[in-house]
>>> print(open('upload-v8.txt').read())   # compact mmCIF, C-alpha atoms and all ligand atoms
# COMPACT_ATOMS: atom_id res chain seq x y z
CA MET A 1 67.80 -209.09 4.37
CA GLU A 2 64.34 -208.37 3.03
CA GLN A 3 62.71 -211.00 0.89
CA ILE A 4 63.04 -210.61 -2.89
CA ILE A 5 59.56 -211.18 -4.30
CA LYS A 6 59.60 -213.69 -7.17
CA PHE A 7 57.29 -212.83 -10.04
CA GLY A 8 55.96 -214.66 -13.06
CA ILE A 9 54.20 -213.11 -16.07
CA ILE A 10 51.03 -214.54 -17.62
CA GLY A 11 50.50 -213.37 -21.21
CA THR A 12 53.61 -212.52 -23.20
CA GLY A 13 52.48 -209.79 -25.61
CA ALA A 14 53.47 -206.13 -25.83
CA ILE A 15 53.01 -205.00 -22.22
CA ALA A 16 54.71 -208.11 -20.80
CA GLY A 17 58.03 -206.61 -21.95
CA GLN A 18 57.45 -203.53 -19.79
CA HIS A 19 56.69 -205.74 -16.79
CA ALA A 20 59.86 -207.77 -17.36
CA ALA A 21 61.95 -204.58 -17.68
CA ALA A 22 60.28 -203.07 -14.60
CA ILE A 23 60.94 -206.19 -12.51
CA ALA A 24 64.55 -206.35 -13.75
CA ALA A 25 65.08 -202.70 -12.77
CA SER A 26 63.72 -203.27 -9.27
CA ASP A 27 66.00 -204.44 -6.43
CA THR A 28 63.06 -205.94 -4.60
CA ALA A 29 61.69 -208.23 -7.31
CA GLU A 30 62.89 -210.97 -9.60
CA LEU A 31 61.27 -212.51 -12.68
CA ILE A 32 61.49 -216.31 -12.61
CA ALA A 33 58.97 -217.58 -15.20
CA VAL A 34 56.58 -216.66 -18.00
CA CYS A 35 53.43 -218.35 -19.25
CA SER A 36 51.57 -218.11 -22.54
CA SER A 37 48.81 -220.25 -23.98
CA SER A 38 51.01 -220.58 -27.09
CA GLU A 39 54.10 -222.80 -26.80
CA ASP A 40 56.03 -220.70 -29.34
CA ARG A 41 55.29 -217.40 -27.64
CA ALA A 42 56.09 -218.86 -24.21
CA LYS A 43 59.45 -220.17 -25.46
CA SER A 44 60.35 -216.96 -27.20
CA ALA A 45 59.54 -214.88 -24.08
CA GLY A 46 61.40 -217.36 -21.86
CA ASN A 47 64.48 -217.03 -24.10
CA LYS A 48 64.21 -213.26 -24.23
CA PHE A 49 63.94 -212.81 -20.46
CA LYS A 50 66.13 -215.84 -19.62
CA VAL A 51 63.55 -217.47 -17.38
CA ALA A 52 61.50 -220.68 -17.35
CA ALA A 53 58.68 -220.80 -19.92
CA TYR A 54 55.34 -222.58 -19.61
CA ASP A 55 52.40 -223.04 -21.95
CA ASP A 56 50.33 -224.68 -19.21
CA LEU A 57 48.94 -222.30 -16.60
CA ASP A 58 48.60 -224.98 -13.89
CA LYS A 59 52.18 -226.16 -14.29
CA PHE A 60 53.40 -222.55 -14.19
CA LEU A 61 51.39 -221.83 -11.04
CA GLU A 62 52.61 -225.02 -9.36
CA THR A 63 56.10 -223.43 -9.22
CA PRO A 64 56.56 -223.22 -5.43
CA GLU A 65 59.02 -220.27 -5.50
CA LEU A 66 56.54 -218.09 -7.35
CA ASP A 67 55.17 -215.41 -4.97
CA ALA A 68 53.24 -213.22 -7.40
CA VAL A 69 52.07 -213.00 -10.99
CA CYS A 70 51.61 -210.12 -13.40
CA ILE A 71 48.56 -210.73 -15.59
CA CYS A 72 49.24 -209.29 -19.03
CA THR A 73 46.67 -211.17 -21.11
CA ALA A 74 43.89 -209.60 -23.17
CA SER A 75 41.61 -207.52 -20.93
CA GLY A 76 38.64 -209.88 -21.29
CA HIS A 77 40.78 -212.82 -20.13
CA HIS A 78 42.13 -211.35 -16.90
CA MET A 79 39.52 -213.07 -14.75
CA GLU A 80 40.30 -216.70 -15.63
CA ALA A 81 44.01 -216.24 -14.99
CA ALA A 82 43.38 -214.28 -11.79
CA ILE A 83 41.00 -216.82 -10.27
CA LYS A 84 43.41 -219.64 -11.00
CA ALA A 85 46.41 -217.75 -9.65
CA ALA A 86 44.47 -216.90 -6.47
CA GLN A 87 43.60 -220.58 -6.02
CA TYR A 88 47.33 -221.34 -6.18
CA LYS A 89 47.83 -218.63 -3.50
CA LYS A 90 49.82 -216.32 -5.74
CA HIS A 91 49.53 -212.54 -5.28
CA ILE A 92 48.28 -210.76 -8.38
CA LEU A 93 49.17 -207.57 -10.21
CA VAL A 94 46.77 -207.32 -13.15
CA GLU A 95 46.95 -204.90 -16.06
CA LYS A 96 44.25 -202.28 -16.57
CA PRO A 97 41.32 -202.43 -16.98
CA ILE A 98 40.79 -204.88 -14.14
CA GLU A 99 38.37 -206.70 -16.48
CA ILE A 100 35.81 -205.78 -19.11
CA ASN A 101 32.81 -205.66 -16.75
CA LEU A 102 32.06 -205.29 -13.06
CA GLU A 103 30.71 -208.82 -12.61
CA ARG A 104 33.99 -210.33 -13.79
CA ALA A 105 35.96 -207.83 -11.70
CA ASP A 106 33.95 -208.80 -8.61
CA LYS A 107 34.68 -212.49 -9.17
CA MET A 108 38.41 -211.72 -9.26
CA ILE A 109 38.21 -209.63 -6.09
CA GLN A 110 36.24 -212.36 -4.35
CA ALA A 111 38.70 -215.10 -5.39
CA CYS A 112 41.60 -213.05 -4.01
CA GLN A 113 39.79 -212.40 -0.73
CA GLN A 114 38.82 -216.05 -0.32
CA ASN A 115 42.39 -217.20 -0.93
CA GLY A 116 44.06 -214.50 1.14
CA VAL A 117 46.11 -213.05 -1.71
CA ILE A 118 46.72 -209.42 -2.61
CA LEU A 119 45.22 -207.97 -5.79
CA GLY A 120 46.77 -204.87 -7.34
CA VAL A 121 45.75 -203.25 -10.61
CA VAL A 122 48.19 -201.44 -12.91
CA PHE A 123 47.52 -197.73 -13.34
CA GLN A 124 51.13 -196.66 -13.56
CA ASN A 125 50.37 -192.96 -14.05
CA ARG A 126 49.36 -192.79 -10.38
CA PHE A 127 53.08 -193.02 -9.62
CA ASN A 128 53.95 -190.01 -11.73
CA GLU A 129 55.67 -187.18 -9.83
CA GLY A 130 53.64 -184.43 -11.52
CA TYR A 131 50.43 -186.22 -10.58
CA HIS A 132 51.62 -186.58 -6.96
CA GLN A 133 52.12 -182.83 -6.76
CA LEU A 134 48.62 -182.17 -8.09
CA LYS A 135 47.05 -184.66 -5.70
CA GLN A 136 48.91 -183.24 -2.72
CA ALA A 137 47.78 -179.70 -3.61
CA VAL A 138 44.16 -180.88 -3.81
CA GLN A 139 44.43 -182.78 -0.52
CA GLU A 140 45.91 -179.75 1.21
CA GLY A 141 42.95 -177.69 -0.04
CA LYS A 142 45.18 -175.39 -2.09
CA LEU A 143 42.76 -175.41 -5.02
CA GLY A 144 39.81 -174.66 -2.72
CA LYS A 145 36.48 -176.33 -3.46
CA LEU A 146 36.74 -178.36 -6.64
CA LEU A 147 34.59 -177.00 -9.47
CA MET A 148 35.56 -178.93 -12.56
CA GLY A 149 37.75 -181.84 -13.67
CA ASN A 150 38.42 -182.72 -17.29
CA ALA A 151 40.16 -185.67 -18.92
CA TYR A 152 41.15 -185.33 -22.57
CA ILE A 153 42.63 -188.36 -24.25
CA LYS A 154 42.84 -187.38 -27.90
CA TRP A 155 44.91 -190.28 -29.13
CA PHE A 156 45.47 -192.04 -32.40
CA ARG A 157 45.77 -195.70 -33.31
CA ASN A 158 45.97 -196.87 -36.91
CA GLU A 159 44.27 -199.97 -38.35
CA ASP A 160 47.50 -201.98 -37.95
CA TYR A 161 47.30 -201.46 -34.19
CA TYR A 162 43.85 -203.03 -34.10
CA LYS A 163 44.96 -205.84 -36.42
CA SER A 164 48.06 -206.56 -34.33
CA SER A 165 46.03 -208.55 -31.76
CA ASP A 166 42.79 -210.40 -32.32
CA TRP A 167 41.14 -208.89 -29.22
CA LYS A 168 41.83 -205.15 -29.47
CA GLY A 169 38.72 -203.12 -30.16
CA THR A 170 36.47 -206.18 -29.73
CA LEU A 171 33.65 -206.21 -27.18
CA LYS A 172 34.63 -209.61 -25.80
CA GLY A 173 38.37 -209.08 -25.60
CA ASP A 174 38.66 -205.33 -24.94
CA GLY A 175 35.18 -204.52 -23.63
CA GLY A 176 34.99 -201.52 -25.97
CA GLY A 177 37.58 -199.18 -27.44
CA ALA A 178 39.11 -195.77 -26.72
CA LEU A 179 37.60 -195.34 -23.24
CA ILE A 180 38.14 -198.77 -21.68
CA ASN A 181 41.54 -199.41 -23.23
CA GLN A 182 43.29 -196.04 -23.66
CA GLY A 183 41.25 -193.37 -21.86
CA ILE A 184 40.94 -195.35 -18.64
CA HIS A 185 44.39 -194.25 -17.41
CA THR A 186 43.42 -190.57 -17.29
CA ILE A 187 39.87 -191.38 -16.18
CA ASP A 188 41.35 -193.23 -13.19
CA LEU A 189 43.36 -190.10 -12.28
CA LEU A 190 40.32 -187.87 -12.77
CA LEU A 191 38.29 -189.99 -10.33
CA ASP A 192 41.15 -190.18 -7.84
CA ILE A 193 41.15 -186.37 -7.72
CA MET A 194 37.45 -185.55 -8.12
CA GLY A 195 35.92 -188.41 -6.10
CA GLU A 196 32.74 -190.35 -6.70
CA VAL A 197 30.45 -189.76 -9.64
CA ASP A 198 26.77 -189.05 -9.22
CA ASP A 199 25.72 -189.40 -12.85
CA VAL A 200 27.03 -189.23 -16.37
CA TYR A 201 25.74 -188.47 -19.85
CA GLY A 202 27.86 -189.89 -22.64
CA GLN A 203 27.99 -190.52 -26.34
CA VAL A 204 30.35 -192.91 -28.08
CA LYS A 205 30.77 -193.89 -31.70
CA THR A 206 32.99 -195.85 -34.03
CA ALA A 207 33.94 -193.18 -36.51
CA MET A 208 36.86 -194.45 -38.57
CA HIS A 209 38.14 -197.90 -37.58
CA THR A 210 36.67 -201.28 -38.44
CA ILE A 211 36.26 -202.27 -34.80
CA GLU A 212 33.32 -203.09 -32.52
CA GLY A 213 34.38 -200.67 -29.77
CA GLU A 214 34.29 -196.86 -29.89
CA ASP A 215 37.03 -194.69 -31.34
CA LEU A 216 35.33 -191.41 -30.33
CA ALA A 217 33.73 -190.60 -26.98
CA SER A 218 32.46 -187.62 -25.07
CA ALA A 219 30.87 -187.48 -21.62
CA LEU A 220 29.54 -184.96 -19.14
CA ILE A 221 29.88 -185.85 -15.45
CA ASN A 222 28.28 -184.66 -12.24
CA PHE A 223 30.48 -185.54 -9.27
CA LYS A 224 29.01 -186.22 -5.83
CA ASN A 225 30.91 -183.22 -4.42
CA GLY A 226 28.95 -180.90 -6.75
CA ALA A 227 31.77 -180.43 -9.27
CA MET A 228 31.29 -180.98 -13.00
CA GLY A 229 33.57 -182.72 -15.42
CA ASN A 230 33.99 -183.88 -18.92
CA ILE A 231 35.84 -186.54 -20.82
CA THR A 232 36.84 -186.42 -24.47
CA ALA A 233 38.56 -189.54 -25.75
CA GLY A 234 39.42 -191.11 -29.06
CA THR A 235 41.81 -193.31 -30.96
CA SER A 236 40.86 -191.62 -34.22
CA LEU A 237 42.35 -188.18 -33.50
CA TYR A 238 45.43 -187.98 -35.70
CA PRO A 239 48.31 -187.69 -34.87
CA GLY A 240 47.44 -188.21 -31.18
CA TYR A 241 48.06 -185.52 -28.57
CA PRO A 242 49.45 -185.92 -25.03
CA GLU A 243 46.58 -186.67 -22.67
CA ARG A 244 45.47 -183.81 -20.42
CA LEU A 245 44.09 -183.75 -16.91
CA GLU A 246 42.62 -180.39 -15.89
CA VAL A 247 41.50 -179.61 -12.36
CA TYR A 248 39.79 -176.34 -11.46
CA GLY A 249 38.89 -175.16 -7.96
CA THR A 250 37.70 -171.93 -6.31
CA HIS A 251 41.35 -170.99 -5.52
CA GLY A 252 43.05 -172.04 -8.73
CA SER A 253 43.78 -174.66 -11.31
CA VAL A 254 46.39 -177.18 -12.34
CA ILE A 255 46.80 -178.83 -15.73
CA LEU A 256 48.90 -181.90 -16.49
CA GLU A 257 49.87 -183.04 -19.95
CA ALA A 258 51.19 -186.60 -20.16
CA GLY A 259 52.01 -186.33 -16.46
CA LYS A 260 53.89 -183.06 -16.82
CA ILE A 261 52.62 -179.92 -15.06
CA VAL A 262 51.88 -177.42 -17.84
CA ALA A 263 49.86 -174.98 -15.74
CA TRP A 264 49.96 -174.35 -11.99
CA ASN A 265 47.91 -171.27 -11.21
CA ILE A 266 46.92 -171.13 -7.55
CA GLN A 267 45.93 -167.84 -5.90
CA GLY A 268 48.54 -166.64 -3.43
CA GLU A 269 51.23 -168.90 -4.94
CA GLU A 270 53.66 -168.03 -7.63
CA ASN A 271 52.67 -169.54 -10.92
CA ARG A 272 55.02 -172.35 -11.76
CA LEU A 273 55.74 -174.53 -14.67
CA GLU A 274 57.45 -177.60 -13.39
CA ASN A 275 58.90 -180.48 -15.25
CA PRO A 276 59.48 -183.02 -12.53
CA HIS A 277 61.59 -185.99 -13.43
CA VAL A 278 59.36 -188.64 -14.86
CA GLU A 279 60.38 -191.17 -17.41
CA LYS A 280 57.08 -190.43 -18.94
CA ALA A 281 56.15 -190.26 -22.51
CA SER A 282 52.63 -190.32 -23.76
CA GLY A 283 51.07 -193.34 -25.42
CA ALA A 284 49.28 -190.76 -27.63
CA ALA A 285 50.47 -192.27 -30.89
CA ASP A 286 52.45 -195.34 -29.81
CA PRO A 287 51.28 -197.57 -26.95
CA MET A 288 54.80 -198.73 -26.14
CA ALA A 289 56.31 -195.23 -25.93
CA ILE A 290 55.47 -195.24 -22.21
CA GLY A 291 58.77 -196.69 -20.92
CA HIS A 292 58.93 -198.95 -17.88
CA TYR A 293 59.86 -196.57 -15.02
CA LEU A 294 56.31 -196.04 -13.75
CA HIS A 295 55.63 -199.78 -13.99
CA GLN A 296 58.75 -200.26 -11.84
CA LEU A 297 57.30 -197.98 -9.16
CA GLN A 298 54.06 -199.96 -9.32
CA ILE A 299 55.93 -203.29 -8.99
CA GLU A 300 57.73 -201.86 -5.93
CA ASP A 301 54.41 -200.75 -4.44
CA MET A 302 53.13 -204.32 -4.93
CA VAL A 303 56.26 -205.75 -3.31
CA SER A 304 55.74 -203.52 -0.26
CA ALA A 305 52.11 -204.64 0.02
CA ILE A 306 53.19 -208.31 -0.13
CA ARG A 307 56.02 -207.88 2.40
CA GLU A 308 53.87 -205.92 4.83
CA ASN A 309 50.66 -207.86 4.15
CA GLY A 310 49.11 -204.49 3.37
CA GLU A 311 47.25 -202.99 0.44
CA PRO A 312 48.70 -201.88 -2.86
CA LEU A 313 47.92 -198.32 -3.97
CA ILE A 314 45.36 -199.50 -6.51
CA THR A 315 43.19 -202.30 -5.18
CA GLY A 316 40.49 -204.14 -7.11
CA GLU A 317 37.84 -201.93 -5.51
CA VAL A 318 39.66 -198.77 -6.57
CA ALA A 319 40.05 -200.10 -10.11
CA LYS A 320 36.31 -200.75 -10.32
CA GLN A 321 35.59 -197.00 -10.12
CA SER A 322 36.95 -196.14 -13.58
CA LEU A 323 35.42 -199.29 -15.06
CA ALA A 324 32.00 -198.43 -13.59
CA LEU A 325 32.12 -194.91 -15.02
CA ILE A 326 33.10 -196.15 -18.48
CA LYS A 327 30.34 -198.78 -18.46
CA GLY A 328 27.95 -195.99 -17.41
CA ILE A 329 29.05 -193.92 -20.42
CA TYR A 330 28.43 -196.89 -22.73
CA ARG A 331 24.94 -197.42 -21.31
CA SER A 332 24.16 -193.72 -21.43
CA SER A 333 25.14 -193.66 -25.10
CA GLU A 334 22.94 -196.68 -25.85
CA GLU A 335 19.93 -195.41 -23.93
CA GLY A 336 20.33 -191.68 -24.68
CA LYS A 337 19.93 -190.58 -21.07
CA ASN A 338 21.89 -189.77 -17.92
CA MET A 339 23.11 -192.78 -15.94
CA ALA A 340 23.53 -192.89 -12.17
CA ILE A 341 26.81 -194.53 -11.12
CA ASN A 342 26.35 -196.72 -8.05
CA ILE A 343 28.88 -199.42 -7.44
CA ASN A 344 29.15 -199.69 -3.69
N1 LIG B 401 49.48 -200.15 -18.51
C1 LIG B 401 49.59 -199.84 -19.78
O1 LIG B 401 50.03 -198.75 -20.15
C2 LIG B 401 49.19 -200.86 -20.83
C3 LIG B 401 49.65 -200.74 -22.15
C4 LIG B 401 49.28 -201.73 -23.06
C5 LIG B 401 48.45 -202.76 -22.67
N2 LIG B 401 48.00 -202.83 -21.39
C6 LIG B 401 47.09 -203.90 -20.97
O2 LIG B 401 47.82 -205.13 -20.98
C7 LIG B 401 47.00 -206.20 -21.41
C8 LIG B 401 47.66 -206.88 -22.62
O3 LIG B 401 47.84 -205.92 -23.65
P1 LIG B 401 48.97 -206.10 -24.77
O4 LIG B 401 49.00 -204.81 -25.51
O5 LIG B 401 50.20 -206.64 -24.17
O6 LIG B 401 48.29 -207.19 -25.68
P2 LIG B 401 48.94 -208.25 -26.67
O7 LIG B 401 47.90 -208.67 -27.62
O8 LIG B 401 50.23 -207.73 -27.20
O9 LIG B 401 49.27 -209.46 -25.69
C9 LIG B 401 48.25 -210.16 -25.03
C10 LIG B 401 48.74 -211.52 -24.62
O10 LIG B 401 47.63 -212.22 -24.07
C11 LIG B 401 47.57 -213.50 -24.67
N3 LIG B 401 46.17 -213.92 -24.71
C12 LIG B 401 45.20 -213.47 -25.50
N4 LIG B 401 44.07 -214.12 -25.25
C13 LIG B 401 44.34 -215.02 -24.28
C14 LIG B 401 43.61 -216.01 -23.59
N5 LIG B 401 42.36 -216.23 -23.88
N6 LIG B 401 44.20 -216.72 -22.61
C15 LIG B 401 45.51 -216.52 -22.33
N7 LIG B 401 46.25 -215.63 -22.97
C16 LIG B 401 45.68 -214.89 -23.93
C17 LIG B 401 48.15 -213.34 -26.05
O11 LIG B 401 48.66 -214.55 -26.51
C18 LIG B 401 49.26 -212.34 -25.79
O12 LIG B 401 50.44 -213.01 -25.38
C19 LIG B 401 45.62 -205.60 -21.70
O13 LIG B 401 44.79 -205.77 -20.59
C20 LIG B 401 45.92 -204.12 -21.91
O14 LIG B 401 44.83 -203.29 -21.58
C21 LIG B 401 48.36 -201.91 -20.47
>>> encode(input="upload-v8.txt", output="structure tokens")
Amino acid sequence: MEQIIKFGIIGTGAIAGQHAAAIAASDTAELIAVCSSSEDRAKSAGNKFKVAAYDDLDKFLETPELDAVCICTASGHHMEAAIKAAQYKKHILVEKPIEINLERADKMIQACQQNGVILGVVFQNRFNEGYHQLKQAVQEGKLGKLLMGNAYIKWFRNEDYYKSSDWKGTLKGDGGGALINQGIHTIDLLLDIMGEVDDVYGQVKTAMHTIEGEDLASALINFKNGAMGNITAGTSLYPGYPERLEVYGTHGSVILEAGKIVAWNIQGEENRLENPHVEKASGAADPMAIGHYLHQLQIEDMVSAIRENGEPLITGEVAKQSLALIKGIYRSSEEGKNMAININ
């Protein structure tokens, strides 16, 4: 019988519930413990998920049966937990963004390499069936030479959302706002399809919330393959619309909305409008409307990587791409000029 991979969760806020549900739904994984810096929150999560609860990270990581941890803390606190977990030789699945800057992301990647543990980063929309179909069509050359790729994340978050956690929308805890927290999911897909970025021109602003990060953003991209792209993102765009990924090539175009194919127009193929089964729902207006099915597929991908000593679909290096582009947009906005994106 194949080994059941035993997981623990660090950070017991909103997304931790999706991880617990995803692990519970998977035949290959089991949740055995949770850890929070607050004793009350640890206990309440432990009771809810019926597992051991710790408010001391070292004691939690000393658990010998623990194979892997899901890091679900505030984005700007991923690194500390990851480095410690790596030192205890635990494999790591960390929530997006990998961290709030590339230096901290590199330290995590290095710690995992040095300790021989696997690092995966959650971008659950990569596991969406509609997205798979788009990617396969691009890989098979069905769209021809790529001309343009657009990511539109016109979402809405009210003030209560930002008040619900002390880190959301802060530079230290979130690293910014609508791009690095919400838009990054679709930006990751855009980069996975369009490839590396040459340079970017971006503008961001905080238009309606009392936060440090941006709630409006717009960027123009030149990809290394010669294609162009743009990103429009916000958390101030009431009521919040399903995010769109648009890909245009010399032979046709495909458009996804919240993971669903809404346009499939490829020359020589019949136009189709497919609604593949995905337990998707957009986080356009409610961050927890996403369900746990795609997280389950990501947990199972992590389990396979651990069992086979291979790589998960989204490694630390892959996750750095979207972070680097977003940081480039922030710098471009500050300096008022195009920014080259070089991370390798
Ligand atoms: N994949 C997705 O769709 C998705 C959705 C929501 C959030 N997320 C990501 O998950 C992470 C957590 O988001 P959330 O919405 O659950 O936040 P949250 O505020 O609900 O929970 C964060 C948890 O981290 C803990 N925490 C905060 N600062 C800490 C510190 N310094 N040390 C240890 N623990 C600390 C808090 O106590 C809390 O338990 C973020 O990185 C976020 O970007 C991903």
>>> residues_around(input="upload-v8.txt", residues="segment 109-125 of chain A", least_positions_apart="5", cutoff="6 Å", atoms="all atoms listed in the file", output="JSON, numbers by chain")
{"A": [83, 86, 91, 92, 93, 94, 95, 96, 294, 295, 312, 314, 315]}
>>> atom_distance(input="upload-v8.txt", atom1="atom CA of Gly8 of chain A", atom2="atom CA of Ile187 of chain A")
28.5 Å
>>> atom_distance(input="upload-v8.txt", atom1="atom CA of Lys50 of chain A", atom2="atom CA of Met79 of chain A")
27.2 Å
>>> atom_distance(input="upload-v8.txt", atom1="atom CA of Gln3 of chain A", atom2="atom CA of Cys72 of chain A")
24.1 Å
>>> residues_near_ligand(input="upload-v8.txt", ligand="ligand LIG 401 (chain B)", cutoff="6 Å", atoms="all atoms listed in the file", output="PyMOL selection string")
chain A and resi 11-16+36-37+72-75+77+95-97+122+165+181+287
>>> residues_near_point(input="upload-v8.txt", point="(44.9, -174.7, -0.8)", cutoff="10 Å", atoms="all atoms listed in the file", output="list in words")
Gln136, Ala137, Val138, Gln139, Glu140, Gly141, Lys142, Leu143, Gly144, Lys145, Gly249, Thr250, His251, Gly252, Ile266, Gln267, Gly268 and Glu269 of chain A
